[in-house]
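Asker: Okay, so here is run-v3.txt, and as you'll see once you scroll down, it has compact mmCIF, C-alpha atoms and all ligand atoms.
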# COMPACT_ATOMS: atom_id res chain seq x y z
CA MET A 176 0.00 0.00 0.00
CA ARG A 177 2.90 2.35 0.72
CA ALA A 178 4.29 1.83 -2.78
CA GLN A 179 0.84 2.42 -4.22
CA LEU A 180 0.54 5.64 -2.17
CA THR A 181 3.84 6.94 -3.54
CA ARG A 182 2.65 6.21 -7.08
CA ASP A 183 -0.73 7.88 -6.49
CA PHE A 184 0.94 10.91 -4.95
CA GLU A 185 3.10 11.31 -8.04
CA ARG A 186 0.45 10.85 -10.69
CA PHE A 187 -2.31 12.77 -8.88
CA GLY A 188 0.10 15.71 -8.56
CA ARG A 189 -0.35 16.06 -12.32
CA SER A 190 -4.11 15.45 -12.28
CA LEU A 191 -6.29 14.77 -9.24
CA PRO A 192 -9.43 12.73 -9.98
CA ARG A 193 -12.58 14.48 -8.75
CA ASP A 194 -13.76 11.31 -6.99
CA PHE A 195 -10.49 10.73 -5.13
CA ALA A 196 -12.48 9.51 -2.12
CA GLY A 197 -13.89 6.68 -4.26
CA HIS A 198 -10.38 5.82 -5.38
CA VAL A 199 -9.14 5.72 -1.77
CA ARG A 200 -11.98 3.41 -0.80
CA GLU A 201 -11.34 1.00 -3.65
CA THR A 202 -7.57 1.01 -3.49
CA TYR A 203 -6.82 1.23 0.23
CA ARG A 204 -10.17 0.12 1.65
CA ILE A 205 -10.28 3.38 3.57
CA ASP A 206 -13.64 5.11 3.98
CA LEU A 207 -13.01 8.86 4.20
CA SER A 208 -16.70 9.71 4.83
CA ALA A 209 -17.17 12.63 7.19
CA HIS A 210 -20.03 14.67 8.58
CA TYR A 211 -21.09 18.30 8.87
CA LEU A 212 -24.41 19.86 9.90
CA GLY A 213 -26.35 16.64 9.49
CA GLU A 214 -24.90 15.92 6.03
CA THR A 215 -22.68 13.01 5.12
CA LEU A 216 -19.61 14.12 3.16
CA PRO A 217 -17.35 12.03 0.89
CA HIS A 218 -14.31 13.24 2.87
CA PRO A 219 -13.66 15.72 5.69
CA ILE A 220 -12.13 18.70 3.84
CA GLY A 221 -14.10 21.90 3.28
CA LYS A 222 -13.37 25.58 2.80
CA GLY A 223 -13.91 28.04 5.65
CA SER A 224 -15.83 31.25 5.08
CA GLY A 225 -13.76 34.10 3.66
CA GLN A 226 -12.22 35.57 0.54
CA LEU A 227 -12.22 32.24 -1.32
CA SER A 228 -16.02 31.90 -1.53
CA LEU A 229 -17.09 35.28 -2.86
CA ASN A 230 -18.40 34.36 -6.29
CA ALA A 231 -19.97 31.60 -8.39
CA LYS A 232 -16.74 30.98 -10.31
CA GLN A 233 -14.89 30.03 -7.12
CA LEU A 234 -17.74 27.67 -6.15
CA GLU A 235 -17.76 26.06 -9.59
CA GLU A 236 -14.00 25.49 -9.50
CA ASP A 237 -14.20 23.92 -6.03
CA ALA A 238 -17.08 21.66 -7.09
CA GLY A 239 -14.89 20.51 -9.99
CA ALA A 240 -11.96 19.87 -7.66
CA GLY A 241 -14.01 17.58 -5.41
CA LEU A 242 -14.01 19.73 -2.27
CA ALA A 243 -16.55 18.38 0.27
CA PHE A 244 -18.17 21.69 1.26
CA THR A 245 -17.75 25.46 1.13
CA ILE A 246 -18.94 28.12 3.56
CA LEU A 247 -19.81 31.37 1.78
CA LYS A 248 -18.24 34.65 2.87
CA THR A 249 -19.99 36.07 5.96
CA VAL A 250 -22.75 38.55 5.13
CA ILE A 251 -23.67 41.27 7.63
CA ALA A 252 -27.35 40.97 8.61
CA GLN A 253 -29.79 43.74 7.79
CA ASP A 254 -33.42 44.57 8.45
CA GLU A 255 -36.07 45.37 5.86
CA ALA A 256 -34.95 48.99 5.63
CA GLY A 257 -31.35 47.91 4.98
CA ASP A 258 -30.09 48.95 8.44
CA GLN A 259 -27.16 46.92 9.79
CA SER A 260 -26.27 47.08 13.47
CA MET A 261 -22.97 45.36 12.64
CA ALA A 262 -22.24 47.73 9.71
CA ALA A 263 -18.71 48.26 11.04
CA TRP A 264 -18.00 44.73 9.76
CA ALA A 265 -19.11 45.42 6.16
CA ILE A 266 -15.93 47.21 5.12
CA HIS A 267 -14.20 46.97 1.78
CA GLU A 268 -10.60 45.79 1.65
CA THR A 269 -9.04 43.78 -1.11
CA LYS A 270 -5.38 43.51 -0.19
CA MET A 271 -4.35 40.26 1.50
CA LYS A 272 -0.82 39.29 2.42
CA VAL A 273 0.07 35.63 2.84
CA GLU A 274 3.07 35.57 5.15
CA ARG A 275 5.08 33.51 7.60
CA ARG A 276 4.28 33.80 11.28
CA ARG A 277 6.39 32.35 14.09
CA ALA A 278 4.39 30.94 16.99
CA ALA A 279 5.19 31.27 20.69
CA SER A 280 6.52 27.68 20.47
CA GLY A 281 9.04 28.82 17.82
CA ALA A 282 7.30 26.88 15.03
CA ASP A 283 6.98 28.69 11.69
CA GLY A 284 3.60 28.66 10.00
CA TRP A 285 1.51 30.72 7.61
CA THR A 286 -0.98 33.47 8.26
CA VAL A 287 -3.02 35.77 6.05
CA THR A 288 -2.81 39.41 7.05
CA TRP A 289 -5.91 41.29 6.02
CA LYS A 290 -7.81 44.27 7.36
CA GLY A 291 -11.17 43.47 5.79
CA ARG A 292 -14.20 41.96 7.49
CA GLY A 293 -17.57 40.83 6.09
CA TRP A 294 -19.33 40.85 2.69
CA ASP A 295 -19.04 44.36 1.21
CA ARG A 296 -21.44 44.13 -1.75
CA SER A 297 -25.25 44.34 -1.70
CA PHE A 298 -27.46 41.85 0.12
CA GLY A 299 -29.13 41.14 -3.24
CA ASP A 300 -25.75 40.08 -4.65
CA TYR A 301 -25.31 37.77 -1.68
CA LEU A 302 -28.70 36.15 -2.28
CA ALA A 303 -27.68 35.52 -5.91
CA LEU A 304 -24.57 33.73 -4.64
CA VAL A 305 -26.72 31.69 -2.23
CA ARG A 306 -28.88 30.58 -5.18
CA ALA A 307 -25.77 29.52 -7.12
CA GLY A 308 -24.67 27.54 -4.05
CA ARG A 309 -28.11 25.99 -3.71
CA ASP A 310 -27.95 24.74 -7.31
CA LEU A 311 -24.56 23.09 -6.75
CA THR A 312 -25.81 21.56 -3.49
CA ARG A 313 -28.96 20.15 -5.13
CA ALA A 314 -26.90 18.73 -7.97
CA GLY A 315 -24.81 16.88 -5.36
CA ARG A 316 -21.65 18.61 -6.59
CA LEU A 317 -20.70 20.71 -3.55
CA LEU A 318 -22.41 21.37 -0.23
CA VAL A 319 -22.63 25.17 0.08
CA VAL A 320 -23.58 26.92 3.33
CA PRO A 321 -24.16 30.67 3.81
CA SER A 322 -22.70 32.51 6.80
CA VAL A 323 -24.10 35.51 8.67
CA LYS A 324 -23.04 37.98 11.31
CA TYR A 325 -26.21 39.15 13.11
CA HIS A 326 -26.81 41.84 15.70
CA LEU A 327 -25.30 41.14 19.11
CA PRO A 328 -26.73 43.25 21.94
CA ARG A 329 -25.14 44.46 25.13
CA LEU A 330 -26.45 42.88 28.31
CA GLY A 331 -29.88 44.24 29.16
CA GLU A 332 -30.57 45.22 25.53
CA PRO A 333 -32.91 43.17 23.33
CA PHE A 334 -31.82 41.45 20.11
CA ARG A 335 -32.86 43.40 16.99
CA GLU A 336 -35.57 41.05 15.87
CA GLY A 337 -36.06 42.86 12.55
CA GLU A 338 -32.50 42.00 11.47
CA TYR A 339 -32.84 38.35 12.43
CA ARG A 340 -36.22 38.07 10.70
CA PHE A 341 -35.44 39.82 7.42
CA THR A 342 -32.02 38.23 6.88
CA THR A 343 -33.03 34.71 7.89
CA GLN A 344 -36.26 34.71 5.87
CA SER A 345 -34.52 36.15 2.79
CA LEU A 346 -31.83 33.45 2.94
CA ALA A 347 -34.45 30.73 3.43
CA ALA A 348 -36.45 32.03 0.44
CA ALA A 349 -33.30 32.08 -1.73
CA TRP A 350 -32.51 28.52 -0.62
CA GLY A 351 -36.03 27.22 -1.34
CA ASP A 352 -37.16 23.76 -0.23
CA GLY A 353 -35.64 21.92 2.71
CA PRO A 354 -34.07 23.20 5.89
CA LEU A 355 -31.64 26.07 5.52
CA LEU A 356 -28.09 25.20 6.56
CA LEU A 357 -26.42 28.22 8.10
CA GLU A 358 -23.26 29.31 9.92
CA LYS A 359 -23.36 32.16 12.41
CA ASP A 360 -19.95 33.80 12.65
CA PHE A 361 -18.46 35.11 15.88
CA SER A 362 -15.30 36.56 14.37
CA PRO A 363 -11.82 37.33 15.70
CA THR A 364 -12.39 41.05 15.14
CA LEU A 365 -15.47 40.71 17.30
CA ALA A 366 -13.31 39.01 19.93
CA GLY A 367 -11.05 42.08 19.75
CA ASP A 368 -13.97 44.52 20.01
CA ALA A 369 -15.14 46.21 23.22
CA LEU A 370 -18.47 44.35 22.76
CA ALA A 371 -16.66 41.13 23.71
CA ASP A 372 -15.06 42.45 26.92
CA ASP A 373 -17.72 40.86 29.07
CA ARG A 374 -17.94 37.11 29.56
CA THR A 375 -21.58 37.10 30.65
CA GLN A 376 -22.49 39.04 27.53
CA ILE A 377 -20.74 36.52 25.24
CA LEU A 378 -22.38 33.55 26.99
CA ARG A 379 -25.80 35.15 26.60
CA TRP A 380 -25.23 35.51 22.83
CA LEU A 381 -24.29 31.85 22.54
CA ARG A 382 -27.35 30.74 24.50
CA GLU A 383 -29.88 33.00 22.80
CA VAL A 384 -28.75 33.44 19.19
CA PRO A 385 -29.96 29.96 18.07
CA GLY A 386 -33.51 30.74 19.28
CA GLN A 387 -33.41 34.17 17.59
CA ILE A 388 -32.61 32.51 14.25
CA ARG A 389 -34.87 29.47 14.62
CA ALA A 390 -37.86 31.77 15.29
CA HIS A 391 -37.87 32.65 11.58
CA THR A 392 -37.23 29.45 9.65
CA ALA A 393 -36.41 25.76 9.89
CA VAL A 394 -32.63 25.83 10.09
CA ARG A 395 -29.68 23.57 10.81
CA LEU A 396 -27.38 25.98 12.53
CA ALA A 397 -23.64 25.95 13.09
CA MET A 398 -22.03 28.60 15.25
CA LYS A 399 -18.43 29.45 14.47
CA LEU A 400 -16.92 30.33 17.82
CA MET A 401 -14.23 32.90 18.31
CA ASN A 402 -11.10 32.59 20.36
CA ALA A 403 -12.19 35.00 23.08
CA ARG A 404 -9.56 37.04 24.92
CA PHE A 405 -9.99 34.89 28.02
CA ASP A 406 -8.48 31.60 29.18
CA ASP A 407 -8.98 28.05 27.91
CA ASP A 408 -11.66 27.30 30.49
CA PHE A 409 -13.78 30.09 29.08
CA GLN A 410 -13.56 28.44 25.62
CA ILE A 411 -15.11 25.35 27.24
CA GLU A 412 -17.80 27.48 28.86
CA MET A 413 -18.57 28.88 25.41
CA LEU A 414 -18.92 25.37 23.96
CA GLN A 415 -21.33 24.44 26.70
CA ALA A 416 -23.35 27.65 26.35
CA ALA A 417 -23.76 27.00 22.61
CA SER A 418 -25.52 23.67 23.07
CA ALA A 419 -28.67 24.82 21.21
CA ALA A 420 -26.74 24.92 17.91
CA ASP A 421 -26.59 21.82 15.67
CA ALA A 422 -22.84 22.14 15.14
CA LEU A 423 -19.92 24.27 16.32
CA VAL A 424 -16.90 25.37 14.31
CA VAL A 425 -13.87 25.42 16.60
CA PHE A 426 -12.30 27.98 16.66
CA ASN A 427 -11.82 31.09 14.50
CA ARG A 428 -8.48 32.93 14.34
CA LEU A 429 -6.68 34.62 17.21
CA PHE A 430 -6.68 38.40 17.62
CA ASP A 431 -3.41 40.31 17.91
CA GLU A 432 -4.35 43.31 20.05
CA LYS A 433 -1.13 45.19 19.36
CA LEU A 434 -1.48 45.01 15.58
CA GLY A 435 -5.30 45.03 15.66
CA LEU A 436 -5.32 42.00 13.35
CA ALA A 437 -6.62 38.44 13.22
CA TYR A 438 -3.92 35.80 12.73
CA GLY A 439 -3.38 32.07 12.48
CA GLY A 440 -0.46 29.64 12.29
CA TRP A 441 0.71 27.30 15.03
CA ASP A 442 -0.45 29.50 17.92
CA LEU A 443 -3.98 28.97 16.62
CA SER A 444 -3.82 25.18 16.28
CA ASP A 445 -1.94 24.87 19.60
CA ARG A 446 -4.72 26.72 21.37
CA ASN A 447 -7.60 25.00 19.57
CA LEU A 448 -6.23 21.49 20.12
CA ARG A 449 -5.38 22.23 23.75
CA VAL A 450 -8.97 23.32 24.42
CA LEU A 451 -10.43 20.36 22.52
CA ASP A 452 -8.21 18.00 24.55
CA GLN A 453 -10.37 18.86 27.50
CA LEU A 454 -13.45 17.53 25.71
CA ALA A 455 -11.94 14.18 24.90
CA PRO A 456 -9.96 13.11 27.94
CA GLY A 457 -7.93 9.99 27.35
CA THR A 458 -7.25 10.74 23.68
CA PRO A 459 -3.63 10.58 22.64
CA GLY A 460 -3.73 14.36 22.41
CA SER A 461 -4.48 14.88 26.08
CA ARG A 462 -1.55 16.33 27.90
CA PRO A 463 -0.49 14.48 31.01
CA GLY A 464 -1.59 16.31 34.10
CA SER A 465 -3.89 18.65 32.21
CA GLU A 466 -6.86 19.86 34.18
CA LEU A 467 -10.06 18.33 32.92
CA PRO A 468 -12.94 20.56 33.94
CA LEU A 469 -15.35 18.35 32.00
CA THR A 470 -16.27 14.77 32.59
CA PRO A 471 -17.29 12.95 29.38
CA GLY A 472 -20.90 13.18 30.60
CA ASP A 473 -20.70 16.97 30.71
CA SER A 474 -19.49 17.12 27.14
CA ALA A 475 -22.37 15.00 25.83
CA GLY A 476 -24.58 18.08 25.33
CA ILE A 477 -22.02 19.79 23.12
CA PRO A 478 -23.06 19.68 19.45
CA GLU A 479 -21.15 18.08 16.57
CA LEU A 480 -17.78 19.78 15.96
CA CYS A 481 -16.05 21.01 12.81
CA GLY A 482 -12.35 21.91 13.17
CA SER A 483 -10.67 25.05 11.87
CA GLY A 484 -7.23 26.56 12.39
CA ASN A 485 -3.80 25.96 10.84
CA ILE A 486 -4.82 22.78 9.04
CA HIS A 487 -2.12 22.20 6.45
CA SER A 488 -1.56 18.42 6.56
CA GLY A 489 -3.47 15.18 6.87
CA ARG A 490 -1.77 14.74 10.21
CA MET A 491 -3.39 17.95 11.47
CA ILE A 492 -6.81 16.80 10.18
CA ILE A 493 -6.34 13.62 12.22
CA GLU A 494 -5.39 15.68 15.31
CA TYR A 495 -8.68 17.60 15.08
CA ALA A 496 -10.68 14.41 14.37
CA ARG A 497 -9.26 12.61 17.40
CA ARG A 498 -10.50 15.50 19.50
CA GLY A 499 -14.03 15.31 18.17
CA CYS A 500 -14.14 17.06 14.77
CA ALA A 501 -16.09 15.07 12.17
CA ALA A 502 -14.98 17.47 9.38
CA VAL A 503 -12.62 20.44 8.97
CA GLN A 504 -12.67 23.81 7.21
CA LEU A 505 -9.53 25.51 5.94
CA HIS A 506 -8.70 28.93 4.57
CA THR A 507 -5.00 29.75 4.71
CA PHE A 508 -3.82 26.45 3.20
CA PHE A 509 -5.84 27.22 0.06
CA GLN A 510 -3.94 30.49 -0.37
CA LEU A 511 -0.26 29.53 -0.24
CA PRO A 512 2.27 30.36 -2.98
CA LEU A 513 2.13 27.63 -5.65
CA SER A 514 5.68 26.59 -4.81
CA GLU A 515 4.43 25.32 -1.42
CA TYR A 516 2.33 22.57 -2.99
CA PRO A 517 3.99 19.41 -4.31
CA ALA A 518 1.46 19.13 -7.19
CA THR A 519 2.56 20.62 -10.49
CA HIS A 520 -0.88 21.06 -12.06
CA GLY A 521 -4.39 22.02 -11.06
CA SER A 522 -6.19 24.74 -9.10
CA ARG A 523 -5.00 25.67 -5.59
CA THR A 524 -7.90 23.67 -4.20
CA GLN A 525 -6.81 20.57 -6.15
CA ARG A 526 -3.17 21.01 -5.16
CA ALA A 527 -4.13 21.42 -1.50
CA LEU A 528 -6.42 18.37 -1.53
CA HIS A 529 -3.70 16.34 -3.23
CA LYS A 530 -1.22 17.05 -0.45
CA LEU A 531 -3.73 16.71 2.38
CA ILE A 532 -4.95 13.30 1.23
CA PHE A 533 -2.07 11.62 -0.61
CA ASP A 534 1.20 12.95 0.86
CA PRO A 535 3.07 9.72 1.73
CA ALA A 536 4.60 11.34 4.82
CA ASP A 537 1.72 13.22 6.41
CA GLY A 538 -1.41 12.86 4.29
CA VAL A 539 -4.69 11.47 5.64
CA VAL A 540 -4.21 8.06 3.94
CA ALA A 541 -0.66 7.70 5.31
CA GLY A 542 -1.85 8.82 8.76
CA LEU A 543 -4.68 6.28 8.90
CA LEU A 544 -2.40 3.45 7.73
CA ALA A 545 0.15 4.45 10.40
CA LEU A 546 -2.52 4.36 13.11
CA GLU A 547 -3.53 0.91 11.91
CA ASP A 548 0.11 -0.24 12.17
CA GLN A 549 0.28 1.07 15.72
CA GLY A 550 -2.93 -0.78 16.65
CA ALA A 551 -4.67 2.53 17.36
CA LEU A 552 -7.28 2.08 14.60
CA GLU A 553 -8.88 -1.14 13.45
CA ARG A 554 -10.56 -2.17 10.24
CA ARG A 555 -14.27 -2.90 10.46
CA ASP A 556 -15.67 -5.15 7.74
CA GLY A 557 -12.24 -4.82 6.14
CA GLU A 558 -12.29 -1.00 6.09
CA LEU A 559 -10.50 1.73 7.99
CA ARG A 560 -12.90 4.60 8.64
CA PHE A 561 -12.04 8.25 9.12
CA LEU A 562 -15.05 8.72 11.41
CA ASP A 563 -13.76 5.99 13.73
CA LEU A 564 -11.11 8.53 14.79
CA VAL A 565 -13.79 10.70 16.36
CA PRO A 566 -14.35 9.70 20.01
CA ASP A 567 -17.66 7.93 20.64
CA ALA A 568 -19.25 10.75 22.64
CA ARG A 569 -18.67 13.18 19.77
CA ARG A 570 -19.47 10.89 16.83
CA PRO A 571 -22.46 12.03 14.78
CA ARG A 572 -25.35 9.55 14.78
C1 LIG A 601 -8.61 36.56 4.73
C2 LIG A 601 -9.55 35.81 5.62
C3 LIG A 601 -10.90 36.15 5.67
C4 LIG A 601 -11.78 35.45 6.49
N1 LIG A 601 -13.10 35.80 6.52
C5 LIG A 601 -13.98 35.09 7.29
C6 LIG A 601 -15.38 35.38 7.30
O1 LIG A 601 -15.85 36.30 6.61
N2 LIG A 601 -16.18 34.63 8.09
C7 LIG A 601 -15.71 33.60 8.86
O2 LIG A 601 -16.50 32.94 9.54
N3 LIG A 601 -14.39 33.28 8.86
C8 LIG A 601 -13.52 34.00 8.10
N4 LIG A 601 -12.19 33.66 8.10
C9 LIG A 601 -11.72 32.55 8.95
C10 LIG A 601 -11.47 31.27 8.16
O3 LIG A 601 -12.67 30.76 7.61
C11 LIG A 601 -10.83 30.18 9.06
O4 LIG A 601 -11.77 29.72 10.01
C12 LIG A 601 -9.60 30.67 9.81
O5 LIG A 601 -8.77 31.43 8.94
C13 LIG A 601 -8.77 29.51 10.40
O6 LIG A 601 -8.40 28.59 9.43
P1 LIG A 601 -6.97 28.63 8.65
O7 LIG A 601 -5.92 28.57 9.68
O8 LIG A 601 -7.05 27.41 7.77
O9 LIG A 601 -6.94 29.90 7.86
C14 LIG A 601 -11.30 34.38 7.27
C15 LIG A 601 -9.94 34.04 7.23
C16 LIG A 601 -9.07 34.74 6.42
C17 LIG A 601 -7.63 34.33 6.40
Would you mind writing the file out in structure tokens?
Ligand SMILES: Cc1cc2nc3c(=O)[nH]c(=O)nc-3n(C[C@H](O)[C@H](O)[C@H](O)COP(=O)(O)O)c2cc1C
Answerer:
Amino acid sequence: MRAQLTRDFERFGRSLPRDFAGHVRETYRIDLSAHYLGETLPHPIGKGSGQLSLNAKQLEEDAGAGLAFTILKTVIAQDEAGDQSMAAWAIHETKMKVERRRAASGADGWTVTWKGRGWDRSFGDYLALVRAGRDLTRAGRLLVVPSVKYHLPRLGEPFREGEYRFTTQSLAAAWGDGPLLLEKDFSPTLAGDALADDRTQILRWLREVPGQIRAHTAVRLAMKLMNARFDDDFQIEMLQAASAADALVVFNRLFDEKLGLAYGGWDLSDRNLRVLDQLAPGTPGSRPGSELPLTPGDSAGIPELCGSGNIHSGRMIIEYARRGCAAVQLHTFFQLPLSEYPATHGSRTQRALHKLIFDPADGVVAGLLALEDQGALERRDGELRFLDLVPDARRPR
């Protein structure tokens, strides 16, 4: 199988088949199926919301590449009159800089430096993109999910119902039949904002936002949680407070207060994995002697998880999966200079998928075969299954 993997890595670097998950199942008897927001996916790799899901052309290219899902850029909610309480997030900025960032541990990784925030075109344009995504989803080519930033009140203030109603109902109408799948973004710039200075205020948002959205349509809701400017235990409190969501994306980028910028790299994955360790005590990721404020029973109410943050290898996908993430969403790794990908042909999405799945040193296939060798993962009915990495308490049913 190792020799086969080396051959596949070489030839797929020139041309990646769209149904690479089918090939992996046939050739290696590995089932890469994954799960997000109640949907079964052919494999765990999706694209996080951001600058890479702004138009129909990007969606079409990703459907062709065989990506499992894409989250559309976050739109800022508005009411019927077009008023946006979070208007400060709808700013226009095109320049992005992909650069190296050294983590506190000394490890070098990548980050994207960018001053922009949410969707900066009209809401009508966003609805047109939602309809394009709906068509790809219905055709079974790519699961597309819109993302919204809605009004968040200060303690003692009410939620602006008009914003929740108009935005949610407009998205549901654009989507048409079936439940709307939706992500609600709590962004790093929000984490850096004075609004997020107060823990009680953040916990209230997480408890009450799902009800505010569900009041207006049938929705399967994921909340993308921020890395708040508090300690790891508060991240766990946030997970518990968000139990009315159907899924949680863990966790958005860190906020550099000095530079006033969101950033990623190894600091981000170190923090995210350290927090998730506390949900899955006894996993190989758990650090000896780490405090475990949760018993497995306490974590049972926490919704399905989707990992995000510094995912640039199959090994890192496996790290998130072993801590409870049944799928992952990436942004930075789809933006690297072409010289960083071993593939010589194809779109950035194809080149990224090629490395993540087939790299003989640290791709998903190599990682699962290595776990089998170590006796840490067993075949069932002759197959290794990606979802078997996810601890029982967190496995989607
Ligand atoms: C330039 C840029 C723009 C982003 N915009 C959004 C956004 O609008 N909404 C959102 O939920 N996440 C946004 N993100 C966060 C990503 O979706 C992702 O969760 C985060 O960058 C961590 O993953 P990564 O380390 O693979 O980049 C953005 C990230 C970047 C780098």
Asker: As a quick test: using all atoms listed in the file, which residues lie no more than 6 Å away from ligand LIG 601 (chain A)? Give them as a compact mmCIF listing (two decimals) with C-alpha atoms, in the frame of the given file.
Answerer:
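And here's out_1.txt as it stands now:
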# COMPACT_ATOMS: atom_id res chain seq x y z
CA GLY A 223 -13.91 28.04 5.65
CA SER A 224 -15.83 31.25 5.08
CA GLY A 225 -13.76 34.10 3.66
CA GLN A 226 -12.22 35.57 0.54
CA LYS A 248 -18.24 34.65 2.87
CA THR A 249 -19.99 36.07 5.96
CA VAL A 287 -3.02 35.77 6.05
CA TRP A 289 -5.91 41.29 6.02
CA ARG A 292 -14.20 41.96 7.49
CA GLY A 293 -17.57 40.83 6.09
CA ASP A 360 -19.95 33.80 12.65
CA ASN A 427 -11.82 31.09 14.50
CA ARG A 428 -8.48 32.93 14.34
CA GLY A 439 -3.38 32.07 12.48
CA SER A 483 -10.67 25.05 11.87
CA GLY A 484 -7.23 26.56 12.39
CA ASN A 485 -3.80 25.96 10.84
CA ILE A 486 -4.82 22.78 9.04
CA LEU A 505 -9.53 25.51 5.94
CA HIS A 506 -8.70 28.93 4.57
CA THR A 507 -5.00 29.75 4.71
CA PHE A 508 -3.82 26.45 3.20
Asker: Set the distance at 12 Å and use all atoms listed in the file: which residues neighbour Glu383 in chain A once local chain neighbours fewer than 2 positions away are removed? I'd like the list as a ChimeraX atom specification.
Answerer: /A:326-328,330,333-334,376-381,385-390,398,416-420
Asker: Work out how far CA of Glu236 in chain A is from CA of Lys530 in chain A, in Å to one decimal.
Answerer: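 So the two atoms, CA of Lys530 in chain A and CA of Glu236 in chain A, lie 17.8 Å apart.
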Asker: Between A:Ser260, A:His198, A:Val305, A:Pro217, which is the closest to Leu234 in chain A once you count only C-alpha atoms?
Answerer: A:Val305
Asker: Could you please determine the separation between CA of Gln410 in chain A and CA of Asn447 in chain A in Å, to one decimal place?
Answerer: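 Taking CA of Gln410 in chain A and CA of Asn447 in chain A, their separation equals 9.2 Å.
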Asker: Which residues of range 176-236 of chain A have any atom within 12 Å of an atom in range 349-355 of chain A when counting only C-alpha atoms, and what is the closest pair of atoms for each, with the distance in Å to one decimal? Order the rows by chain and rising number and write it as a tab-separated table.
Answerer:
residue	atom	partner	partner_atom	distance
A:Leu212	CA	A:Leu355	CA	10.5
A:Gly213	CA	A:Pro354	CA	10.8
A:Glu214	CA	A:Pro354	CA	11.7
Asker: Would you save the residues from that selection as a PDB file, in the coordinates of the input, using C-alpha atoms?
Answerer:
ATOM      1  CA  LEU A 212     -24.410  19.860   9.900  1.00  0.00           C
ATOM      2  CA  GLY A 213     -26.350  16.640   9.490  1.00  0.00           C
ATOM      3  CA  GLU A 214     -24.900  15.920   6.030  1.00  0.00           C
TER       4      GLU A 214
END
Asker: Find the spatial neighbours of Leu544 in chain A, counting only C-alpha atoms, within a cut-off of 12 Å - ignore same-chain residues fewer than 2 positions away - and output them as a compact mmCIF listing (two decimals) with C-alpha atoms, in the frame of the given file.
Answerer:
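Written out: around-v9.txt:
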# COMPACT_ATOMS: atom_id res chain seq x y z
CA MET A 176 0.00 0.00 0.00
CA ARG A 177 2.90 2.35 0.72
CA LEU A 180 0.54 5.64 -2.17
CA VAL A 199 -9.14 5.72 -1.77
CA TYR A 203 -6.82 1.23 0.23
CA ARG A 204 -10.17 0.12 1.65
CA ILE A 205 -10.28 3.38 3.57
CA ASP A 206 -13.64 5.11 3.98
CA GLY A 489 -3.47 15.18 6.87
CA ARG A 490 -1.77 14.74 10.21
CA ILE A 493 -6.34 13.62 12.22
CA PHE A 533 -2.07 11.62 -0.61
CA PRO A 535 3.07 9.72 1.73
CA ALA A 536 4.60 11.34 4.82
CA ASP A 537 1.72 13.22 6.41
CA GLY A 538 -1.41 12.86 4.29
CA VAL A 539 -4.69 11.47 5.64
CA VAL A 540 -4.21 8.06 3.94
CA ALA A 541 -0.66 7.70 5.31
CA GLY A 542 -1.85 8.82 8.76
CA LEU A 546 -2.52 4.36 13.11
CA GLU A 547 -3.53 0.91 11.91
CA ASP A 548 0.11 -0.24 12.17
CA GLN A 549 0.28 1.07 15.72
CA GLY A 550 -2.93 -0.78 16.65
CA ALA A 551 -4.67 2.53 17.36
CA LEU A 552 -7.28 2.08 14.60
CA GLU A 553 -8.88 -1.14 13.45
CA ARG A 554 -10.56 -2.17 10.24
CA GLU A 558 -12.29 -1.00 6.09
CA LEU A 559 -10.50 1.73 7.99
CA ARG A 560 -12.90 4.60 8.64
CA PHE A 561 -12.04 8.25 9.12
Asker: Just give me the gap between CA of Cys481 in chain A and CA of Val384 in chain A in Å, one decimal is fine.
Answerer: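 Here the two named atoms are 18.9 Å from each other.
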Asker: Using only C-alpha atoms, which residue out of A:Val425, A:Ile251, A:Met401, A:Ala307 lies closest to Ile266 in chain A?
Answerer: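 That would be A:Ile251, the residue with the smallest distance to Ile266 in chain A.
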Asker: Which protein, DNA or RNA residues have an atom at most 7 Å from (-21.6, 29.7, 10.2), counting all atoms listed in the file? List them as a ChimeraX atom specification.
Answerer: /A:321-323,357-360,397-399
Asker: So, counting only C-alpha atoms, which residue among A:Asp295, A:Asp283, A:Glu255, A:Asp406 is closest to Phe341 in chain A?
Answerer: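 Closest candidate: A:Glu255.
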Asker: Which protein, DNA or RNA residues are at most 7 Å from (-3.8, 38.9, 11.4) in the file's coordinates when you count all atoms listed in the file, listed as JSON, numbers by chain?
Answerer: {"A": [286, 287, 288, 289, 430, 431, 436, 437, 438, 439]}
Asker: Which is closest to Leu242 in chain A among A:Arg306, A:Arg523, A:Lys290, A:Arg340, if we use all atoms listed in the file?
Answerer: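 Comparing A:Arg306, A:Arg523, A:Lys290, A:Arg340 against Leu242 in chain A, the winner is A:Arg523.
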Asker: Could you name the residues that touch Glu338 in chain A at 7 Å or less, counting all atoms listed in the file, but leaving out those on the same chain fewer than 2 positions away, as a PyMOL selection string?
Answerer: chain A and resi 252-254+335-336+340-342
Asker: Using C-alpha atoms, can you export the residues from the last selection as a PDB file, keeping the file's coordinate frame?
Answerer:
ATOM      1  CA  ALA A 252     -27.350  40.970   8.610  1.00  0.00           C
ATOM      2  CA  GLN A 253     -29.790  43.740   7.790  1.00  0.00           C
ATOM      3  CA  ASP A 254     -33.420  44.570   8.450  1.00  0.00           C
ATOM      4  CA  ARG A 335     -32.860  43.400  16.990  1.00  0.00           C
ATOM      5  CA  GLU A 336     -35.570  41.050  15.870  1.00  0.00           C
ATOM      6  CA  ARG A 340     -36.220  38.070  10.700  1.00  0.00           C
ATOM      7  CA  PHE A 341     -35.440  39.820   7.420  1.00  0.00           C
ATOM      8  CA  THR A 342     -32.020  38.230   6.880  1.00  0.00           C
TER       9      THR A 342
END
